[in-house]
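Visitor: So that you have it, the file is data-v6.pdb, and it contains PDB, C-alpha atoms:
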```
ATOM      1  CA  MET R   1      51.682-319.996  18.734  1.00  0.00           C
ATOM      2  CA  ASN R   2      53.380-322.947  20.344  1.00  0.00           C
ATOM      3  CA  PHE R   3      56.126-323.027  22.952  1.00  0.00           C
ATOM      4  CA  THR R   4      58.892-323.890  20.418  1.00  0.00           C
ATOM      5  CA  LYS R   5      58.194-320.759  18.332  1.00  0.00           C
ATOM      6  CA  ILE R   6      58.165-318.531  21.438  1.00  0.00           C
ATOM      7  CA  LYS R   7      61.488-319.997  22.582  1.00  0.00           C
ATOM      8  CA  ALA R   8      63.009-319.437  19.110  1.00  0.00           C
ATOM      9  CA  ILE R   9      61.846-315.785  19.018  1.00  0.00           C
ATOM     10  CA  THR R  10      63.105-315.165  22.563  1.00  0.00           C
ATOM     11  CA  SER R  11      66.543-316.651  21.856  1.00  0.00           C
ATOM     12  CA  SER R  12      66.923-314.667  18.620  1.00  0.00           C
ATOM     13  CA  LEU R  13      66.060-311.430  20.465  1.00  0.00           C
ATOM     14  CA  SER R  14      68.564-312.115  23.234  1.00  0.00           C
ATOM     15  CA  ASN R  15      71.311-312.808  20.672  1.00  0.00           C
ATOM     16  CA  SER R  16      70.573-309.675  18.648  1.00  0.00           C
ATOM     17  CA  HIS R  17      71.317-306.016  19.308  1.00  0.00           C
ATOM     18  CA  LEU R  18      67.629-305.203  19.717  1.00  0.00           C
ATOM     19  CA  PRO R  19      67.727-304.901  23.541  1.00  0.00           C
ATOM     20  CA  ARG R  20      70.578-302.375  23.287  1.00  0.00           C
ATOM     21  CA  VAL R  21      68.691-300.389  20.669  1.00  0.00           C
ATOM     22  CA  VAL R  22      65.554-300.352  22.834  1.00  0.00           C
ATOM     23  CA  VAL R  23      67.591-299.145  25.835  1.00  0.00           C
ATOM     24  CA  LEU R  24      69.148-296.366  23.728  1.00  0.00           C
ATOM     25  CA  ILE R  25      65.768-295.250  22.390  1.00  0.00           C
ATOM     26  CA  VAL R  26      64.172-295.258  25.839  1.00  0.00           C
ATOM     27  CA  GLY R  27      67.190-293.376  27.248  1.00  0.00           C
ATOM     28  CA  ALA R  28      66.945-290.731  24.523  1.00  0.00           C
ATOM     29  CA  MET R  29      63.236-290.313  25.237  1.00  0.00           C
ATOM     30  CA  PHE R  30      63.923-289.765  28.943  1.00  0.00           C
ATOM     31  CA  ALA R  31      66.715-287.294  28.182  1.00  0.00           C
ATOM     32  CA  SER R  32      64.501-285.262  25.864  1.00  0.00           C
ATOM     33  CA  ALA R  33      61.652-285.319  28.378  1.00  0.00           C
ATOM     34  CA  CYS R  34      63.937-283.802  31.017  1.00  0.00           C
ATOM     35  CA  SER R  35      64.836-280.842  28.820  1.00  0.00           C
ATOM     36  CA  ILE R  36      61.401-279.381  28.210  1.00  0.00           C
ATOM     37  CA  VAL R  37      62.458-275.877  29.269  1.00  0.00           C
ATOM     38  CA  PRO R  38      62.774-273.763  26.111  1.00  0.00           C
ATOM     39  CA  GLU R  39      66.415-273.161  25.172  1.00  0.00           C
ATOM     40  CA  PRO R  40      66.490-269.348  25.578  1.00  0.00           C
ATOM     41  CA  ILE R  41      65.439-269.655  29.250  1.00  0.00           C
ATOM     42  CA  ASN R  42      67.116-272.948  30.126  1.00  0.00           C
ATOM     43  CA  VAL R  43      69.710-272.857  32.907  1.00  0.00           C
ATOM     44  CA  ALA R  44      72.009-275.516  34.329  1.00  0.00           C
ATOM     45  CA  GLU R  45      70.242-277.772  36.817  1.00  0.00           C
ATOM     46  CA  ASN R  46      72.620-276.842  39.644  1.00  0.00           C
ATOM     47  CA  GLU R  47      72.700-273.108  38.856  1.00  0.00           C
ATOM     48  CA  ALA R  48      71.404-270.929  41.702  1.00  0.00           C
ATOM     49  CA  LEU R  49      68.764-268.416  40.643  1.00  0.00           C
ATOM     50  CA  VAL R  50      67.658-265.403  42.665  1.00  0.00           C
ATOM     51  CA  PRO R  51      63.962-265.717  43.558  1.00  0.00           C
ATOM     52  CA  PHE R  52      61.733-262.792  42.599  1.00  0.00           C
ATOM     53  CA  GLU R  53      60.425-262.670  46.164  1.00  0.00           C
ATOM     54  CA  THR R  54      63.912-261.876  47.519  1.00  0.00           C
ATOM     55  CA  VAL R  55      64.531-258.890  45.246  1.00  0.00           C
ATOM     56  CA  SER R  56      60.920-257.693  45.420  1.00  0.00           C
ATOM     57  CA  ALA R  57      60.931-257.699  49.231  1.00  0.00           C
ATOM     58  CA  PHE R  58      64.108-255.602  49.241  1.00  0.00           C
ATOM     59  CA  THR R  59      62.883-253.072  46.670  1.00  0.00           C
ATOM     60  CA  GLN R  60      59.479-252.648  48.308  1.00  0.00           C
ATOM     61  CA  ASN R  61      61.124-252.142  51.736  1.00  0.00           C
ATOM     62  CA  THR R  62      63.288-249.310  50.334  1.00  0.00           C
ATOM     63  CA  GLU R  63      60.335-247.577  48.650  1.00  0.00           C
ATOM     64  CA  GLY R  64      60.063-244.022  49.858  1.00  0.00           C
ATOM     65  CA  SER R  65      63.268-244.167  51.908  1.00  0.00           C
ATOM     66  CA  SER R  66      65.679-241.242  51.974  1.00  0.00           C
ATOM     67  CA  GLU R  67      68.289-243.192  50.007  1.00  0.00           C
ATOM     68  CA  GLN R  68      65.854-243.361  47.110  1.00  0.00           C
ATOM     69  CA  SER R  69      66.371-239.898  45.735  1.00  0.00           C
ATOM     70  CA  SER R  70      67.218-241.144  42.245  1.00  0.00           C
ATOM     71  CA  ALA R  71      65.243-243.230  39.782  1.00  0.00           C
ATOM     72  CA  THR R  72      67.206-246.414  40.635  1.00  0.00           C
ATOM     73  CA  THR R  73      67.836-248.450  43.766  1.00  0.00           C
ATOM     74  CA  VAL R  74      70.927-250.638  44.218  1.00  0.00           C
ATOM     75  CA  VAL R  75      69.963-254.184  45.245  1.00  0.00           C
ATOM     76  CA  PRO R  76      72.243-256.641  47.097  1.00  0.00           C
ATOM     77  CA  GLN R  77      71.764-259.375  44.436  1.00  0.00           C
ATOM     78  CA  LEU R  78      73.199-257.134  41.709  1.00  0.00           C
ATOM     79  CA  GLY R  79      74.639-259.206  38.828  1.00  0.00           C
ATOM     80  CA  GLU R  80      73.218-262.520  40.049  1.00  0.00           C
ATOM     81  CA  LYS R  81      71.195-264.654  37.631  1.00  0.00           C
ATOM     82  CA  ALA R  82      67.409-264.989  37.835  1.00  0.00           C
ATOM     83  CA  ARG R  83      64.548-266.445  35.794  1.00  0.00           C
ATOM     84  CA  TRP R  84      61.218-264.680  36.232  1.00  0.00           C
ATOM     85  CA  GLY R  85      58.048-264.750  34.203  1.00  0.00           C
ATOM     86  CA  GLY R  86      54.610-263.272  33.961  1.00  0.00           C
ATOM     87  CA  LYS R  87      52.192-261.228  31.854  1.00  0.00           C
ATOM     88  CA  ILE R  88      53.367-258.286  29.794  1.00  0.00           C
ATOM     89  CA  VAL R  89      51.875-254.957  30.855  1.00  0.00           C
ATOM     90  CA  SER R  90      53.704-252.598  28.499  1.00  0.00           C
ATOM     91  CA  VAL R  91      56.826-251.977  26.415  1.00  0.00           C
ATOM     92  CA  GLU R  92      58.858-248.779  26.392  1.00  0.00           C
ATOM     93  CA  ASN R  93      61.441-248.482  23.632  1.00  0.00           C
ATOM     94  CA  LYS R  94      64.356-246.249  24.560  1.00  0.00           C
ATOM     95  CA  LYS R  95      67.431-245.215  22.566  1.00  0.00           C
ATOM     96  CA  ASP R  96      69.410-248.495  22.788  1.00  0.00           C
ATOM     97  CA  VAL R  97      67.210-250.769  24.898  1.00  0.00           C
ATOM     98  CA  SER R  98      63.588-251.689  25.465  1.00  0.00           C
ATOM     99  CA  GLU R  99      61.987-252.013  28.884  1.00  0.00           C
ATOM    100  CA  ILE R 100      59.235-254.595  29.236  1.00  0.00           C
ATOM    101  CA  GLU R 101      56.990-254.185  32.289  1.00  0.00           C
ATOM    102  CA  ILE R 102      55.759-257.572  33.495  1.00  0.00           C
ATOM    103  CA  VAL R 103      53.334-258.704  36.215  1.00  0.00           C
ATOM    104  CA  PHE R 104      55.196-261.530  37.967  1.00  0.00           C
ATOM    105  CA  PHE R 105      53.681-265.003  38.345  1.00  0.00           C
ATOM    106  CA  PRO R 106      55.459-268.058  39.783  1.00  0.00           C
ATOM    107  CA  GLU R 107      56.691-270.467  37.107  1.00  0.00           C
ATOM    108  CA  ASN R 108      55.979-274.151  36.622  1.00  0.00           C
ATOM    109  CA  SER R 109      58.685-276.806  36.188  1.00  0.00           C
ATOM    110  CA  PHE R 110      59.412-275.801  32.597  1.00  0.00           C
ATOM    111  CA  GLY R 111      59.487-272.039  33.216  1.00  0.00           C
ATOM    112  CA  LYS R 112      55.981-271.034  32.125  1.00  0.00           C
ATOM    113  CA  PRO R 113      54.200-268.485  34.341  1.00  0.00           C
ATOM    114  CA  ARG R 114      51.287-269.957  36.312  1.00  0.00           C
ATOM    115  CA  THR R 115      48.691-267.207  35.980  1.00  0.00           C
ATOM    116  CA  GLY R 116      46.291-269.065  38.265  1.00  0.00           C
ATOM    117  CA  GLU R 117      48.636-268.272  41.166  1.00  0.00           C
ATOM    118  CA  ALA R 118      48.680-264.935  43.000  1.00  0.00           C
ATOM    119  CA  SER R 119      51.060-262.262  41.753  1.00  0.00           C
ATOM    120  CA  ILE R 120      53.294-260.542  44.280  1.00  0.00           C
ATOM    121  CA  GLY R 121      54.429-257.655  42.138  1.00  0.00           C
ATOM    122  CA  ARG R 122      55.858-256.397  38.894  1.00  0.00           C
ATOM    123  CA  PHE R 123      59.317-256.263  37.361  1.00  0.00           C
ATOM    124  CA  LYS R 124      61.029-254.815  34.340  1.00  0.00           C
ATOM    125  CA  ALA R 125      63.105-256.717  31.806  1.00  0.00           C
ATOM    126  CA  VAL R 126      65.646-254.630  29.913  1.00  0.00           C
ATOM    127  CA  VAL R 127      66.302-256.031  26.428  1.00  0.00           C
ATOM    128  CA  LYS R 128      69.017-254.717  24.110  1.00  0.00           C
ATOM    129  CA  GLY R 129      67.626-253.142  20.968  1.00  0.00           C
ATOM    130  CA  PHE R 130      64.060-252.696  19.782  1.00  0.00           C
ATOM    131  CA  VAL R 131      61.126-254.934  20.683  1.00  0.00           C
ATOM    132  CA  ASP R 132      57.873-254.453  18.838  1.00  0.00           C
ATOM    133  CA  PRO R 133      54.971-253.606  21.172  1.00  0.00           C
ATOM    134  CA  ILE R 134      52.596-255.349  18.751  1.00  0.00           C
ATOM    135  CA  VAL R 135      54.496-258.641  19.187  1.00  0.00           C
ATOM    136  CA  PHE R 136      55.188-258.065  22.894  1.00  0.00           C
ATOM    137  CA  GLU R 137      51.540-257.223  23.435  1.00  0.00           C
ATOM    138  CA  GLN R 138      49.792-256.595  26.717  1.00  0.00           C
ATOM    139  CA  GLY R 139      48.633-259.816  28.364  1.00  0.00           C
ATOM    140  CA  ARG R 140      51.119-262.086  26.551  1.00  0.00           C
ATOM    141  CA  LEU R 141      53.068-264.522  28.750  1.00  0.00           C
ATOM    142  CA  ILE R 142      56.862-264.238  28.832  1.00  0.00           C
ATOM    143  CA  THR R 143      59.715-265.737  30.828  1.00  0.00           C
ATOM    144  CA  VAL R 144      63.034-263.903  31.088  1.00  0.00           C
ATOM    145  CA  VAL R 145      66.493-265.079  32.154  1.00  0.00           C
ATOM    146  CA  GLY R 146      68.852-262.306  33.090  1.00  0.00           C
ATOM    147  CA  GLU R 147      71.073-260.622  35.616  1.00  0.00           C
ATOM    148  CA  VAL R 148      69.561-258.669  38.470  1.00  0.00           C
ATOM    149  CA  SER R 149      70.271-254.968  37.974  1.00  0.00           C
ATOM    150  CA  ASP R 150      69.454-251.777  39.838  1.00  0.00           C
ATOM    151  CA  ALA R 151      65.738-251.446  40.524  1.00  0.00           C
ATOM    152  CA  HIS R 152      63.871-248.763  38.586  1.00  0.00           C
ATOM    153  CA  GLN R 153      61.422-246.362  40.136  1.00  0.00           C
ATOM    154  CA  GLY R 154      58.216-245.698  38.277  1.00  0.00           C
ATOM    155  CA  ILE R 155      54.577-244.754  38.674  1.00  0.00           C
ATOM    156  CA  ILE R 156      51.539-247.033  38.565  1.00  0.00           C
ATOM    157  CA  GLY R 157      48.468-244.847  38.498  1.00  0.00           C
ATOM    158  CA  GLU R 158      49.408-242.150  40.991  1.00  0.00           C
ATOM    159  CA  GLN R 159      51.610-244.308  43.206  1.00  0.00           C
ATOM    160  CA  THR R 160      55.365-244.708  43.182  1.00  0.00           C
ATOM    161  CA  TYR R 161      56.523-248.267  42.502  1.00  0.00           C
ATOM    162  CA  VAL R 162      60.045-249.711  42.641  1.00  0.00           C
ATOM    163  CA  TYR R 163      60.509-252.352  39.938  1.00  0.00           C
ATOM    164  CA  PRO R 164      62.960-255.210  40.449  1.00  0.00           C
ATOM    165  CA  THR R 165      64.848-255.275  37.142  1.00  0.00           C
ATOM    166  CA  LEU R 166      66.587-257.893  35.003  1.00  0.00           C
ATOM    167  CA  ASN R 167      69.059-257.225  32.207  1.00  0.00           C
ATOM    168  CA  ALA R 168      67.770-259.896  29.840  1.00  0.00           C
ATOM    169  CA  LEU R 169      70.145-262.594  28.590  1.00  0.00           C
ATOM    170  CA  GLY R 170      67.300-264.522  26.986  1.00  0.00           C
ATOM    171  CA  TYR R 171      63.525-264.727  26.945  1.00  0.00           C
ATOM    172  CA  HIS R 172      60.727-266.967  25.739  1.00  0.00           C
ATOM    173  CA  MET R 173      57.311-265.763  24.602  1.00  0.00           C
ATOM    174  CA  TRP R 174      54.711-268.443  25.309  1.00  0.00           C
ATOM    175  CA  LYS R 175      52.149-269.376  22.685  1.00  0.00           C
ATOM    176  CA  GLN R 176      48.762-267.874  23.281  1.00  0.00           C
ATOM    177  CA  THR R 177      46.282-270.525  24.322  1.00  0.00           C
ATOM    178  CA  SER R 178      42.653-270.554  25.324  1.00  0.00           C
ATOM    179  CA  ASP R 179      41.264-272.586  28.173  1.00  0.00           C
ATOM    180  CA  VAL R 180      38.201-274.572  27.200  1.00  0.00           C
ATOM    181  CA  GLU R 181      35.801-275.838  29.811  1.00  0.00           C
ATOM    182  CA  ILE R 182      34.200-279.151  28.931  1.00  0.00           C
ATOM    183  CA  ARG R 183      31.012-280.037  30.742  1.00  0.00           C
ATOM    184  CA  SER R 184      29.495-283.440  30.718  1.00  0.00           C
ATOM    185  CA  GLU R 185      25.759-283.731  30.432  1.00  0.00           C
ATOM    186  CA  GLU R 186      24.551-285.919  33.244  1.00  0.00           C
TER     187      GLU R 186
END
```
Will you turn the file into structure tokens for me?

Guide:
Amino acid sequence: MNFTKIKAITSSLSNSHLPRVVVLIVGAMFASACSIVPEPINVAENEALVPFETVSAFTQNTEGSSEQSSATTVVPQLGEKARWGGKIVSVENKKDVSEIEIVFFPENSFGKPRTGEASIGRFKAVVKGFVDPIVFEQGRLITVVGEVSDAHQGIIGEQTYVYPTLNALGYHMWKQTSDVEIRSEE
């Protein structure tokens, strides 16, 4: 290709709308890449969320105290929004709601629980209506967005446990995946 042809192609591109189209396409790709958090658990970027550690520390410090004569504990963050995730332990369907017991794991940038990290406790997510324990099976990863509610007292084995609790506004069940280790033969 000679210099005259390159100059002709360059001038036709600069006079066309192609650069604007490219900028729009690239901009749309960046915008979609920023919103990789699944819709049911997505929150506004500037929205403050209550960390699990804050509520968990409070509930575990009140465990066994004299003010804990009932099955619930009032927490200071009551009604504030949180997004917590982890592995499902069990589901208990009650009259109008279902309680999902979850082992907490810190989340990555798009809200998925990082099960390789250490867990610092469990929580319960209260979902309106019925959830099928076969679908919400033990070991499945879930992330819940909800409002912090009164903690629930329960039993794990023979020990009393105070569960930080969320009234679910939305949740996302993560696809089940398998990790595959690839070894090179050297």

Visitor: Take the PyMOL selection byres ((chain R and resi 125-139) around 8), apply it to the structure above, and return the hits as a list in words.

Guide: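 Evaluating the PyMOL selection byres ((chain R and resi 125-139) around 8) on these coordinates yields Lys87, Ile88, Val89, Ser90, Val91, Asn93, Asp96, Val97, Ser98, Glu99, Ile100, Glu101, Ile102, Phe123, Lys124, Arg140, Leu141, Val144, Thr165, Leu166, Asn167, Ala168 and Leu169 of chain R.
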
Visitor: Report, in Å with one decimal, the straight-line distance from CA of His172 in chain R to CA of Asn108 in chain R.

Guide: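 If I compute the distance from CA of His172 in chain R to CA of Asn108 in chain R, I get 13.9 Å.
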
Visitor: Give the centre and edge lengths of an axis-aligned box, in Å to one decimal, that holds all listed atoms of range 91-103 of chain R with 4 Å on each side, as lines of an AutoDock Vina configuration file.

Guide:
```
center_x = 61.4
center_y = -252.0
center_z = 29.4
size_x = 24.1
size_y = 21.5
size_z = 21.6
```

Visitor: May I have a table of the residues of range 63-134 of chain R lying at most 8 Å from range 41-53 of chain R, giving each one's closest pair of atoms and their distance in Å to one decimal, counting all atoms listed in the file, ordered by chain and ascending residue number, as JSON lines?

Guide:
```
{"residue": "R:Gln77", "atom": "CA", "partner": "R:Val50", "partner_atom": "CA", "distance": 7.5}
{"residue": "R:Glu80", "atom": "CA", "partner": "R:Val50", "partner_atom": "CA", "distance": 6.8}
{"residue": "R:Lys81", "atom": "CA", "partner": "R:Leu49", "partner_atom": "CA", "distance": 5.4}
{"residue": "R:Ala82", "atom": "CA", "partner": "R:Leu49", "partner_atom": "CA", "distance": 4.6}
{"residue": "R:Arg83", "atom": "CA", "partner": "R:Leu49", "partner_atom": "CA", "distance": 6.7}
{"residue": "R:Trp84", "atom": "CA", "partner": "R:Phe52", "partner_atom": "CA", "distance": 6.7}
{"residue": "R:Gly111", "atom": "CA", "partner": "R:Ile41", "partner_atom": "CA", "distance": 7.5}
{"residue": "R:Ile120", "atom": "CA", "partner": "R:Glu53", "partner_atom": "CA", "distance": 7.7}
```

Visitor: Identify, on the basis of all atoms listed in the file, every residue whose closest approach to Pro164 in chain R does not exceed 10 Å; exclude the query and any residue fewer than 5 positions from it along the same chain; express the result as a VMD selection string.

Guide: chain R and resid 52 to 60 72 to 75 121 to 125 148 to 153

Visitor: Between CA of Gly116 in chain R and CA of Phe104 in chain R, what is the distance, to one decimal in Å?

Guide: 11.7 Å

Visitor: Please measure the separation of CA of Asn61 in chain R and CA of Leu78 in chain R, giving the value in Å to one decimal.

Guide: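 About the pair CA of Asn61 in chain R and CA of Leu78 in chain R: they are 16.5 Å apart.
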
Visitor: Nearest residue to Glu107 in chain R out of R:Ile155, R:Gly86, R:Glu39, R:Pro76, using only C-alpha atoms?

Guide: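 Comparing R:Ile155, R:Gly86, R:Glu39, R:Pro76 against Glu107 in chain R, the winner is R:Gly86.
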
Visitor: With all atoms listed in the file as the basis for distance, which of R:Ile36, R:Ile182, R:Met173, R:Val103 is at the shortest distance from Thr143 in chain R?

Guide: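 Residue with the minimum atom-to-atom distance to Thr143 in chain R: R:Met173.
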
Visitor: Please determine, counting all atoms listed in the file, which residue among R:Lys112, R:Gly154, R:Gln159, R:Gly85 has the shortest atom-to-atom distance to Lys175 in chain R.

Guide: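 Of the candidates, the smallest distance to Lys175 in chain R is held by R:Lys112.
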